[in-house]
>>> print(open('my_file.cif').read())   # mmCIF, C-alpha atoms
data_final
#
loop_
_atom_site.label_atom_id
_atom_site.label_comp_id
_atom_site.auth_asym_id
_atom_site.auth_seq_id
_atom_site.Cartn_x
_atom_site.Cartn_y
_atom_site.Cartn_z
CA MET A 1 107.31 85.51 126.79
CA GLY A 2 103.75 84.37 127.36
CA LYS A 3 101.15 83.64 124.71
CA LYS A 4 99.30 86.83 125.62
CA TRP A 5 102.32 89.02 124.74
CA PHE A 6 103.05 87.06 121.58
CA TRP A 7 99.55 87.68 120.18
CA LEU A 8 99.64 91.35 121.22
CA LEU A 9 102.98 91.90 119.45
CA ALA A 10 101.76 89.96 116.40
CA ALA A 11 98.62 92.13 116.24
CA LEU A 12 100.69 95.33 116.51
CA GLY A 13 103.01 94.08 113.76
CA LEU A 14 100.07 93.45 111.45
CA ALA A 15 98.60 96.87 112.22
CA ALA A 16 101.86 98.51 111.17
CA CYS A 17 101.88 96.68 107.81
CA SER A 18 100.51 98.21 104.67
CA ILE A 19 98.66 96.17 102.10
CA PRO A 20 99.12 97.09 98.43
CA PHE A 21 95.97 97.85 96.48
CA SER A 22 94.81 98.81 93.00
CA TYR A 23 91.41 100.35 92.35
CA THR A 24 89.75 101.82 89.26
CA VAL A 25 87.64 104.97 89.57
CA ASN A 26 85.19 105.62 86.73
CA VAL A 27 85.14 109.44 86.67
CA LEU A 28 82.15 109.39 84.30
CA GLU A 29 79.97 108.16 87.18
CA GLN A 30 80.39 111.62 88.72
CA VAL A 31 80.82 113.98 85.75
CA ASN A 32 79.58 114.47 82.18
CA LEU A 33 82.31 115.02 79.60
CA SER A 34 80.15 115.01 76.46
CA GLY A 35 78.65 117.76 74.27
CA THR A 36 78.89 119.41 70.85
CA PHE A 37 80.93 121.91 68.84
CA THR A 38 80.91 123.00 65.20
CA VAL A 39 83.30 122.48 62.32
CA GLY A 40 83.11 124.50 59.12
CA GLN A 41 85.26 125.67 56.23
CA GLY A 42 87.07 127.94 58.69
CA GLY A 43 87.81 125.10 61.11
CA ILE A 44 86.68 124.18 64.61
CA SER A 45 84.53 126.69 66.48
CA PRO A 46 85.54 127.44 69.14
CA ASN A 47 89.14 126.33 68.72
CA PRO A 48 90.10 125.12 71.27
CA LYS A 49 86.86 123.76 72.71
CA ASP A 50 87.30 123.44 76.49
CA ILE A 51 85.29 120.90 78.47
CA GLY A 52 85.30 121.70 82.16
CA PRO A 53 86.77 122.23 84.62
CA VAL A 54 84.59 119.69 86.40
CA GLU A 55 85.03 119.00 90.12
CA VAL A 56 85.38 115.45 91.38
CA SER A 57 85.20 114.98 95.15
CA TYR A 58 85.08 112.19 97.70
CA GLU A 59 85.85 111.64 101.39
CA PRO A 60 89.50 110.52 101.65
CA ASP A 61 90.41 107.64 103.98
CA SER A 62 93.43 108.38 106.22
CA ARG A 63 94.46 104.70 106.06
CA VAL A 64 95.06 104.95 102.29
CA THR A 65 98.31 106.16 100.73
CA LEU A 66 98.22 106.71 96.97
CA SER A 67 101.50 106.17 95.15
CA GLY A 68 100.41 106.34 91.50
CA ALA A 69 97.60 106.44 89.00
CA THR A 70 97.02 105.80 85.31
CA LEU A 71 94.35 107.34 83.07
CA ASN A 72 92.53 105.18 80.53
CA TYR A 73 90.36 107.27 78.19
CA LYS A 74 88.27 107.03 75.02
CA VAL A 75 86.30 109.81 73.32
CA CYS A 76 84.30 109.37 70.10
CA PHE A 77 83.27 112.08 67.65
CA ARG A 78 80.13 111.80 65.48
CA SER A 79 78.80 114.16 62.84
CA GLN A 80 75.22 115.27 63.38
CA THR A 81 75.09 116.94 59.95
CA PRO A 82 74.52 114.42 57.12
CA GLY A 83 76.18 114.94 53.74
CA THR A 84 79.25 116.74 55.04
CA SER A 85 82.82 115.88 54.04
CA PHE A 86 85.62 116.39 56.56
CA SER A 87 89.39 116.77 56.45
CA GLY A 88 92.20 117.49 58.89
CA THR A 89 92.67 116.28 62.44
CA LEU A 90 91.03 116.55 65.83
CA VAL A 91 93.24 116.64 68.92
CA TYR A 92 91.86 115.54 72.29
CA ALA A 93 93.81 116.41 75.45
CA ALA A 94 92.78 115.34 78.98
CA TYR A 95 93.68 117.45 82.04
CA LEU A 96 93.73 116.89 85.81
CA SER A 97 94.60 119.40 88.55
CA GLY A 98 94.09 120.25 92.20
CA ASP A 99 92.54 123.61 91.32
CA SER A 100 90.14 124.77 88.65
CA ALA A 101 91.89 128.03 87.74
CA GLY A 102 95.02 126.43 86.31
CA LEU A 103 93.50 123.28 84.86
CA PHE A 104 94.27 123.95 81.18
CA THR A 105 98.03 124.50 81.58
CA GLU A 106 100.76 122.34 80.10
CA THR A 107 101.79 120.95 83.51
CA ASN A 108 98.26 119.60 84.07
CA ARG A 109 97.89 117.93 80.68
CA LEU A 110 97.54 114.25 81.37
CA ALA A 111 97.13 112.69 77.93
CA GLU A 112 96.75 113.69 74.31
CA GLY A 113 95.73 111.88 71.15
CA ASN A 114 94.77 112.90 67.64
CA ARG A 115 92.86 111.41 64.76
CA ASP A 116 92.31 112.16 61.08
CA ILE A 117 88.59 112.91 60.69
CA SER A 118 88.12 112.29 56.97
CA ALA A 119 86.09 109.16 57.87
CA LEU A 120 83.72 111.18 60.10
CA SER A 121 81.12 111.45 57.32
CA SER A 122 80.64 107.67 57.37
CA GLY A 123 80.75 106.97 61.13
CA PRO A 124 82.37 107.74 64.46
CA VAL A 125 86.05 108.60 64.87
CA CYS A 126 87.52 107.76 68.28
CA VAL A 127 90.64 108.82 70.16
CA GLU A 128 91.81 106.61 73.02
CA GLY A 129 94.86 105.88 75.10
CA THR A 130 96.47 105.61 78.51
CA ALA A 131 98.79 107.89 80.45
CA ASP A 132 100.59 107.95 83.79
CA VAL A 133 99.45 110.57 86.29
CA THR A 134 102.19 112.91 87.60
CA PRO A 135 103.08 112.99 91.32
CA ALA A 136 101.41 116.42 91.71
CA GLN A 137 98.23 115.05 90.12
CA VAL A 138 98.34 112.00 92.44
CA GLN A 139 98.48 114.42 95.40
CA ALA A 140 95.44 116.26 94.01
CA ILE A 141 93.51 112.98 93.73
CA ALA A 142 94.57 111.98 97.27
CA SER A 143 93.27 115.29 98.67
CA GLY A 144 89.67 114.27 98.01
CA ARG A 145 88.92 117.11 95.58
CA PHE A 146 90.37 117.51 92.11
CA TYR A 147 89.33 118.85 88.71
CA VAL A 148 89.24 117.18 85.32
CA GLY A 149 88.63 118.51 81.85
CA ALA A 150 89.48 118.12 78.21
CA ARG A 151 90.42 120.33 75.30
CA ILE A 152 89.48 119.65 71.68
CA SER A 153 91.50 121.41 69.00
CA GLY A 154 93.09 120.68 65.64
CA SER A 155 93.02 121.47 61.94
CA ALA A 156 89.62 119.92 61.17
CA THR A 157 87.50 121.51 58.42
CA SER A 158 84.31 120.54 56.61
CA THR A 159 82.54 121.38 53.35
CA GLN A 160 79.66 122.97 55.28
CA GLU A 161 79.08 123.98 58.89
CA ALA A 162 78.53 120.76 60.81
CA THR A 163 77.68 119.95 64.40
CA ILE A 164 80.02 117.38 65.94
CA ARG A 165 79.01 115.43 69.02
CA TYR A 166 81.76 114.22 71.30
CA ASP A 167 81.03 111.45 73.81
CA THR A 168 83.60 110.53 76.42
CA GLU A 169 83.06 106.79 76.66
CA ARG A 170 85.87 106.04 79.10
CA PHE A 171 87.67 108.27 81.64
CA GLU A 172 89.01 105.88 84.26
CA LEU A 173 91.72 106.45 86.86
CA ARG A 174 93.46 103.27 87.99
CA LEU A 175 94.81 104.11 91.44
CA SER A 176 97.60 102.22 93.18
CA GLY A 177 99.07 102.50 96.63
CA SER A 178 98.77 100.92 100.04
CA VAL A 179 96.21 100.71 102.81
CA ARG A 180 96.80 100.16 106.51
CA PRO A 181 94.40 97.67 108.12
#
>>> encode(input="my_file.cif", output="structure tokens")
Amino acid sequence: MGKKWFWLLAALGLAACSIPFSYTVNVLEQVNLSGTFTVGQGGISPNPKDIGPVEVSYEPDSRVTLSGATLNYKVCFRSQTPGTSFSGTLVYAAYLSGDSAGLFTETNRLAEGNRDISALSSGPVCVEGTADVTPAQVQAIASGRFYVGARISGSATSTQEATIRYDTERFELRLSGSVRP
């Protein structure tokens, strides 16, 4: 076999190989997942408080094959009503789906965390965590268009009606898979 054929076969072999990759997508660069709701003696209003669905889109690359993803999130709650005492818990659940209509279903829930809010009168209370994305959610991400959202619920009450600000400080998807050169 001549040198010419050797290099051609070597180039074809490299082209058939896939290179593993890992990449973090900061969803907050495309969407806003912050706002307000109220808490009073009767609880959270509305309960649950839905955020979204919000569309995230990009142009997929046919050379990329996604095999998994992990969500890393952090949301902080702050009282905007001084002099209020709080009790109970706030529950934050993150969702991801390939369509907006079914976003807030159990199968699309990606992560959930809760926090006692009695300390909310003296400063922020944050919920954070990580979660693995399901295979169906990975397919939605790979399609180039998917929807994210969150749901705030819980047993939180306060001594007077108070406005609570929620700021999603981190909503990152760490993607893994392979790419063909």
>>> resolve_selection(input="my_file.cif", expression="the PyMOL selection byres ((chain A and resi 148-157) around 8)", output="ChimeraX atom specification")
/A:33,39-44,47-56,86-97,103-104,117,146-147,158-159
>>> residues_around(input="my_file.cif", residues="Ala162 (chain A)", least_positions_apart="4", cutoff="9 Å", atoms="only C-alpha atoms", output="number ranges by chain")
A: 37-40, 79-82, 84, 158
>>> residues_around(input="my_file.cif", residues="region 122-125 of chain A", least_positions_apart="2", cutoff="6 Å", atoms="all atoms listed in the file", output="list of chain:residue names")
A:Cys76, A:Phe77, A:Arg78, A:Ala119, A:Leu120
>>> atom_distance(input="my_file.cif", atom1="CA of Thr36 (chain A)", atom2="CA of Glu161 (chain A)")
12.8 Å
>>> closest_residue(input="my_file.cif", among="A:Ser57, A:Gly177, A:Tyr73, A:Arg115", to="Val31 (chain A)", atoms="all atoms listed in the file")
A:Ser57
>>> resolve_selection(input="my_file.cif", expression="the PyMOL selection byres ((chain A and resi 62) around 10)", output="NGL selection string")
:A and (59-61 or 63-65 or 142 or 179-180)
>>> atom_distance(input="my_file.cif", atom1="CA of Leu173 (chain A)", atom2="CA of Asp116 (chain A)")
26.4 Å
